[in-house]
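A.B. asks: So that you have it, the file is protein05.txt, and it contains compact mmCIF, C-alpha atoms:
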# COMPACT_ATOMS: atom_id res chain seq x y z
CA MET A 253 117.61 89.78 91.44
CA SER A 254 119.94 92.25 89.86
CA SER A 255 123.67 91.66 90.17
CA HIS A 256 126.04 94.53 90.79
CA ASP A 257 129.66 94.36 89.74
CA ARG A 258 131.18 96.77 92.23
CA PHE A 259 128.70 96.70 95.09
CA ARG A 260 126.57 93.90 96.45
CA THR A 261 122.80 94.12 96.52
CA PRO A 262 121.63 94.61 100.12
CA LEU A 263 120.80 91.43 102.02
CA THR A 264 117.05 90.81 102.20
CA GLY A 265 116.93 87.35 103.81
CA HIS A 266 115.15 88.84 106.83
CA LEU A 267 112.15 89.66 104.65
CA LYS A 268 109.48 86.96 104.47
CA ASN A 269 106.68 86.48 101.96
CA ASP A 270 104.13 87.58 104.56
CA ASP A 271 105.91 90.94 104.86
CA PHE A 272 105.04 91.71 101.26
CA ASP A 273 101.34 91.47 102.01
CA THR A 274 101.67 95.00 103.38
CA VAL A 275 104.97 96.34 101.97
CA TYR A 276 106.09 96.65 98.34
CA GLU A 277 108.43 93.82 97.40
CA PRO A 278 111.68 94.88 95.68
CA ALA A 279 111.10 94.42 91.96
CA GLU A 280 112.52 95.45 88.57
CA ASP A 281 111.98 99.14 89.31
CA SER A 282 113.89 98.85 92.60
CA PHE A 283 116.81 97.08 90.96
CA LEU A 284 116.94 99.52 88.05
CA LEU A 285 117.32 102.31 90.60
CA LEU A 286 120.17 100.39 92.23
CA ASP A 287 121.82 100.02 88.83
CA ALA A 288 121.48 103.75 88.20
CA LEU A 289 123.01 104.62 91.57
CA GLU A 290 125.90 102.24 90.93
CA LYS A 291 126.41 103.71 87.47
CA ASP A 292 126.54 107.19 89.05
CA TYR A 293 128.81 106.17 91.93
CA THR A 294 131.71 108.44 90.95
CA PHE A 295 129.35 111.37 90.40
CA LEU A 296 127.69 110.78 93.78
CA LYS A 297 131.03 110.62 95.59
CA THR A 298 132.06 113.98 94.09
CA LYS A 299 128.90 115.47 95.59
CA ASP A 300 130.10 114.45 99.09
CA PRO A 301 126.48 114.33 100.30
CA ALA A 302 125.60 115.12 103.90
CA ILE A 303 121.86 114.37 103.81
CA CYS A 304 120.18 111.71 101.67
CA LEU A 305 116.41 111.27 101.62
CA GLU A 306 114.19 108.62 100.08
CA ILE A 307 110.47 109.27 99.67
CA GLY A 308 108.33 106.12 99.85
CA CYS A 309 111.09 103.78 100.99
CA GLY A 310 109.13 100.50 101.01
CA SER A 311 111.52 97.73 102.04
CA GLY A 312 114.42 100.19 102.34
CA ILE A 313 116.59 98.35 99.81
CA CYS A 314 117.36 101.43 97.69
CA LEU A 315 118.39 103.77 100.51
CA THR A 316 120.38 100.96 102.14
CA PHE A 317 122.24 100.44 98.85
CA LEU A 318 122.97 104.16 98.65
CA ALA A 319 124.29 104.08 102.22
CA GLN A 320 126.51 101.11 101.36
CA ILE A 321 128.13 102.80 98.36
CA LEU A 322 128.60 106.13 100.15
CA LYS A 323 130.04 104.32 103.18
CA GLU A 324 128.01 106.14 105.84
CA SER A 325 129.34 109.56 104.95
CA ALA A 326 125.84 111.02 105.24
CA ILE A 327 122.61 110.98 107.22
CA PHE A 328 120.14 108.61 105.53
CA LEU A 329 116.49 109.53 106.06
CA CYS A 330 113.43 107.94 104.50
CA THR A 331 109.69 108.34 104.64
CA ASP A 332 106.72 106.11 103.97
CA ILE A 333 103.00 106.52 104.62
CA ASN A 334 102.97 102.83 105.61
CA HIS A 335 104.16 102.06 109.16
CA ASP A 336 105.11 98.48 108.20
CA ALA A 337 107.38 99.84 105.47
CA ALA A 338 109.17 102.12 107.94
CA VAL A 339 109.79 99.17 110.28
CA MET A 340 111.02 97.00 107.39
CA ALA A 341 113.32 99.72 106.05
CA LYS A 342 114.94 100.10 109.47
CA ARG A 343 115.49 96.31 109.62
CA THR A 344 116.93 96.24 106.10
CA GLY A 345 119.40 98.92 107.07
CA LEU A 346 120.42 97.19 110.29
CA ILE A 347 120.98 93.76 108.74
CA ASN A 348 123.26 95.47 106.22
CA ASN A 349 125.05 97.49 108.92
CA GLN A 350 123.57 100.78 107.76
CA MET A 351 121.77 103.36 109.89
CA ILE A 352 118.52 104.21 108.10
CA GLN A 353 116.21 106.67 109.84
CA PRO A 354 112.57 106.19 108.74
CA VAL A 355 109.71 108.61 109.39
CA VAL A 356 106.06 107.58 108.94
CA CYS A 357 104.45 110.39 106.99
CA ASN A 358 103.02 111.47 103.65
CA LEU A 359 105.80 112.40 101.21
CA ALA A 360 108.16 114.62 103.26
CA ASP A 361 105.47 116.70 104.97
CA PRO A 362 106.89 117.02 108.53
CA LEU A 363 110.51 117.26 107.35
CA GLU A 364 110.25 119.97 104.73
CA ASP A 365 111.08 122.97 106.89
CA ARG A 366 114.02 121.30 108.65
CA LEU A 367 115.44 119.93 105.41
CA SER A 368 114.89 123.05 103.32
CA GLY A 369 117.85 123.45 100.95
CA LYS A 370 119.75 120.59 102.61
CA VAL A 371 118.97 117.38 100.70
CA ASP A 372 121.99 116.36 98.60
CA VAL A 373 120.61 113.07 97.22
CA LEU A 374 116.87 112.53 96.83
CA LEU A 375 115.32 109.20 95.74
CA PHE A 376 111.69 108.56 94.80
CA ASN A 377 110.18 105.41 93.35
CA PRO A 378 106.61 106.73 93.38
CA PRO A 379 103.31 104.94 92.89
CA TYR A 380 103.37 105.31 89.10
CA VAL A 381 100.81 102.79 87.82
CA VAL A 382 97.81 104.29 86.00
CA THR A 383 94.77 103.52 88.22
CA PRO A 384 91.41 105.05 89.18
CA SER A 385 91.95 108.13 91.37
CA GLU A 386 90.11 106.58 94.31
CA GLU A 387 92.88 103.97 94.72
CA VAL A 388 95.50 106.65 95.42
CA GLY A 389 96.79 107.44 98.89
CA SER A 390 95.63 104.57 101.07
CA LYS A 391 97.83 103.29 103.87
CA GLY A 392 97.78 99.72 102.51
CA ILE A 393 99.91 97.93 99.93
CA GLU A 394 98.04 99.51 97.00
CA ALA A 395 99.47 102.92 98.02
CA SER A 396 102.83 101.66 96.77
CA TRP A 397 101.69 101.44 93.16
CA ALA A 398 98.39 103.30 92.62
CA GLY A 399 99.24 106.50 90.77
CA GLY A 400 95.84 107.61 89.55
CA VAL A 401 95.49 109.61 86.32
CA LYS A 402 98.58 109.06 84.11
CA GLY A 403 100.14 107.45 87.20
CA ARG A 404 101.06 111.01 88.19
CA GLU A 405 98.77 112.04 91.04
CA VAL A 406 101.24 111.44 93.88
CA LEU A 407 104.25 112.53 91.85
CA ASP A 408 102.61 115.80 90.79
CA LYS A 409 102.06 116.70 94.45
CA PHE A 410 105.73 116.14 95.20
CA LEU A 411 107.54 117.70 92.23
CA PRO A 412 106.86 121.32 93.27
CA ARG A 413 108.47 120.56 96.65
CA VAL A 414 111.74 119.36 95.15
CA PRO A 415 113.30 122.85 94.72
CA HIS A 416 112.52 123.60 98.38
CA LEU A 417 114.19 120.42 99.64
CA MET A 418 117.24 120.20 97.38
CA SER A 419 120.63 121.69 98.15
CA SER A 420 122.26 123.83 95.47
CA GLU A 421 124.37 120.87 94.31
CA GLY A 422 121.72 118.24 95.02
CA VAL A 423 120.64 115.42 92.71
CA PHE A 424 117.21 113.80 92.45
CA TYR A 425 116.65 110.28 91.07
CA LEU A 426 113.10 109.43 90.02
CA VAL A 427 111.59 106.14 88.79
CA VAL A 428 108.96 106.48 86.05
CA ILE A 429 107.19 104.49 83.36
CA GLU A 430 106.39 105.60 79.81
CA GLU A 431 102.72 106.29 80.66
CA ASN A 432 103.79 108.98 83.17
CA ASP A 433 104.75 111.25 80.21
CA VAL A 434 108.48 111.80 80.65
CA ASP A 435 108.50 114.80 78.29
CA ASP A 436 105.93 116.57 80.46
CA ILE A 437 107.86 115.74 83.65
CA GLU A 438 110.93 117.30 82.04
CA LYS A 439 108.97 120.47 81.22
CA VAL A 440 107.63 120.68 84.78
CA MET A 441 111.10 120.29 86.28
CA ASN A 442 112.68 122.71 83.77
CA ALA A 443 110.18 125.30 84.97
CA GLU A 444 111.28 124.54 88.54
CA GLY A 445 114.92 125.18 87.55
CA PHE A 446 116.16 121.64 86.96
CA SER A 447 117.74 119.86 84.01
CA MET A 448 116.91 116.20 83.34
CA THR A 449 118.89 113.26 82.04
CA LYS A 450 117.75 109.66 81.62
CA VAL A 451 120.22 107.46 83.50
CA ALA A 452 118.78 104.00 82.82
CA THR A 453 115.92 102.32 80.96
CA ARG A 454 114.66 98.75 81.08
CA ARG A 455 111.57 96.93 79.91
CA ALA A 456 109.82 94.89 82.61
CA GLY A 457 106.86 93.02 81.14
CA ARG A 458 104.57 95.65 79.63
CA GLU A 459 106.25 98.52 81.44
CA LEU A 460 109.11 100.60 80.08
CA LEU A 461 110.90 101.76 83.22
CA SER A 462 113.31 104.70 83.34
CA ILE A 463 115.40 106.40 85.99
CA LEU A 464 115.40 110.17 85.57
CA LYS A 465 118.09 112.33 87.14
CA PHE A 466 117.60 116.00 87.95
CA THR A 467 120.14 118.63 88.90
CA ARG A 468 119.73 122.38 89.18
CA LEU A 469 120.23 124.18 85.89
CA ASN A 470 123.17 126.16 87.25
CA THR A 471 125.09 122.98 88.19
CA THR A 472 126.77 120.30 86.08
Mind turning this structure into structure tokens?
C.D. replies:
Amino acid sequence: MSSHDRFRTPLTGHLKNDDFDTVYEPAEDSFLLLDALEKDYTFLKTKDPAICLEIGCGSGICLTFLAQILKESAIFLCTDINHDAAVMAKRTGLINNQMIQPVVCNLADPLEDRLSGKVDVLLFNPPYVVTPSEEVGSKGIEASWAGGVKGREVLDKFLPRVPHLMSSEGVFYLVVIEENDVDDIEKVMNAEGFSMTKVATRRAGRELLSILKFTRLNTT
């Protein structure tokens, strides 16, 4: 487990091995995202976010960590297609004294109109593993990693929605691996009006993980 100098990693003692039969267990990608959020703490505080949203929350550890470092100054919403993940995320928030509000849905489908232009911090650790297309989009544990062609099938459905969701000063943190074609993701998001920086990179086994950060081109 990753150690954080300024902020503690959320408590996860309530999670049992059996829980991870149906919900993605926090792993290197999760902890790299925590590291990136901690590294960007000062930047995030200057944003003074009101609404934070995580797509595909899994255990809820990442959104709970964000809530901890922002000290409940925002509304913390999350979505997951997996009902068990939504229940677990709520529990992870509660045991760490954070109010996490999960919604069971695909991506942000039922929230998009209400949240249009209002999301100040957006997190997404998508299913990024290169797999056969038919493995994508189930409601079971494989939905947490199966990304289809280039590991991009779920991500490519979501990226065009980011400009609609994000506030003018919003920031979007995305977990990717090398096979997802970071250069192409940057081109796609540039065309949507966003600039990209790479906040953190770490090798985990065969995977080269990175956290990408997007802000609108007219913001710093």
A.B. asks: CA of Gly445 in chain A and CA of Leu322 in chain A are how many Å apart?
C.D. replies: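 That distance, rounded to one decimal, is 26.6 Å.
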A.B. asks: Using all atoms listed in the file, which residues sit within 12 Å of Leu346 in chain A once same-chain residues fewer than 4 positions away are excluded, as a ChimeraX atom specification?
C.D. replies: /A:262-264,266,312-313,315-316,319-320,339-342,350-353
A.B. asks: Rank A:Leu464, A:Leu296, A:Leu469, A:Leu359 by their smallest atom-to-atom distance to Leu284 in chain A, using all atoms listed in the file, and report the top residue only.
C.D. replies: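 Using all atoms listed in the file, Leu284 in chain A sits closest to A:Leu464.
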A.B. asks: Could you name the residues that touch range 390-396 of chain A at 6 Å or less, counting all atoms listed in the file, but leaving out those on the same chain fewer than 4 positions away, as a list in words?
C.D. replies: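 Once the nearby chain positions are removed, what remains is Thr274, Val275, Asn334 and Pro379 of chain A.
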A.B. asks: Measuring between only C-alpha atoms, which one of A:Tyr425, A:Asn349, A:Glu280, A:Ile333 shows the shortest distance to Arg458 in chain A?
C.D. replies: A:Glu280
A.B. asks: Separation of CA of Ile437 in chain A and CA of Lys370 in chain A, in Å?
C.D. replies: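 So the two atoms, CA of Ile437 in chain A and CA of Lys370 in chain A, lie 22.9 Å apart.
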A.B. asks: Which one is closest to Cys330 in chain A: A:Asn348, A:Lys409, A:Asn377, A:Leu289? Count only C-alpha atoms.
C.D. replies: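 Counting only C-alpha atoms, the residue closest to Cys330 in chain A is A:Asn377.
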A.B. asks: Let me make sure I understand: among A:Pro415, A:Cys309, A:Thr261, A:Phe466, which one has the smallest atom-to-atom distance to Gly369 in chain A if we use all atoms listed in the file?
C.D. replies: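 Among the listed residues, A:Pro415 lies closest to Gly369 in chain A.
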A.B. asks: Compute the distance from (118.3, 115.6, 81.7) to each atom, counting all atoms listed in the file, keep the residues with any atom at most 7 Å away, and return them as a list in words; use the coordinates of the file.
C.D. replies: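 Checked against the point, the hits come out as Ser447, Met448, Thr449, Lys450, Lys465 and Phe466 of chain A.
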A.B. asks: Which residue out of A:Val373, A:Val401, A:Ala288, A:Leu461 has the minimum interatomic distance to Ser420 in chain A when all atoms listed in the file are used?
C.D. replies: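 Ranked by minimum distance to Ser420 in chain A, first place goes to A:Val373.
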A.B. asks: Show which residues sit within 6 Å of Asn432 in chain A, as an NGL selection string. Count only C-alpha atoms, and ignore same-chain residues fewer than 3 positions away.
C.D. replies: :A and (402-403 or 429)
A.B. asks: Can you write out the residues you just picked, keeping C-alpha atoms, as a PDB file, in the coordinates of the input?
C.D. replies:
ATOM      1  CA  LYS A 402      98.580 109.060  84.110  1.00  0.00           C
ATOM      2  CA  GLY A 403     100.140 107.450  87.200  1.00  0.00           C
ATOM      3  CA  ILE A 429     107.190 104.490  83.360  1.00  0.00           C
TER       4      ILE A 429
END
A.B. asks: Can you work out the spacing between CA of Cys357 in chain A and CA of His335 in chain A in Å, to one decimal?
C.D. replies: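 These atoms are spaced 8.6 Å apart.
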A.B. asks: Can you work out which one of A:Val388, A:Val423, A:Val356, A:Ala338 has the shortest atom-to-atom distance to Ile303 in chain A, counting only C-alpha atoms?
C.D. replies: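 Among A:Val388, A:Val423, A:Val356, A:Ala338, it is A:Val423 that comes nearest to Ile303 in chain A.
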A.B. asks: Residues at most 9 Å from Tyr380 in chain A, counting all atoms listed in the file, excluding those fewer than 2 positions away in the same chain, as a PDB file with C-alpha atoms, in the frame of the given file?
C.D. replies:
ATOM      1  CA  ASN A 377     110.180 105.410  93.350  1.00  0.00           C
ATOM      2  CA  PRO A 378     106.610 106.730  93.380  1.00  0.00           C
ATOM      3  CA  VAL A 382      97.810 104.290  86.000  1.00  0.00           C
ATOM      4  CA  THR A 383      94.770 103.520  88.220  1.00  0.00           C
ATOM      5  CA  SER A 396     102.830 101.660  96.770  1.00  0.00           C
ATOM      6  CA  TRP A 397     101.690 101.440  93.160  1.00  0.00           C
ATOM      7  CA  ALA A 398      98.390 103.300  92.620  1.00  0.00           C
ATOM      8  CA  GLY A 399      99.240 106.500  90.770  1.00  0.00           C
ATOM      9  CA  GLY A 400      95.840 107.610  89.550  1.00  0.00           C
ATOM     10  CA  LYS A 402      98.580 109.060  84.110  1.00  0.00           C
ATOM     11  CA  GLY A 403     100.140 107.450  87.200  1.00  0.00           C
ATOM     12  CA  ARG A 404     101.060 111.010  88.190  1.00  0.00           C
ATOM     13  CA  GLU A 405      98.770 112.040  91.040  1.00  0.00           C
ATOM     14  CA  VAL A 406     101.240 111.440  93.880  1.00  0.00           C
ATOM     15  CA  LEU A 407     104.250 112.530  91.850  1.00  0.00           C
ATOM     16  CA  VAL A 427     111.590 106.140  88.790  1.00  0.00           C
ATOM     17  CA  VAL A 428     108.960 106.480  86.050  1.00  0.00           C
ATOM     18  CA  ILE A 429     107.190 104.490  83.360  1.00  0.00           C
ATOM     19  CA  GLU A 431     102.720 106.290  80.660  1.00  0.00           C
ATOM     20  CA  ASN A 432     103.790 108.980  83.170  1.00  0.00           C
TER      21      ASN A 432
END
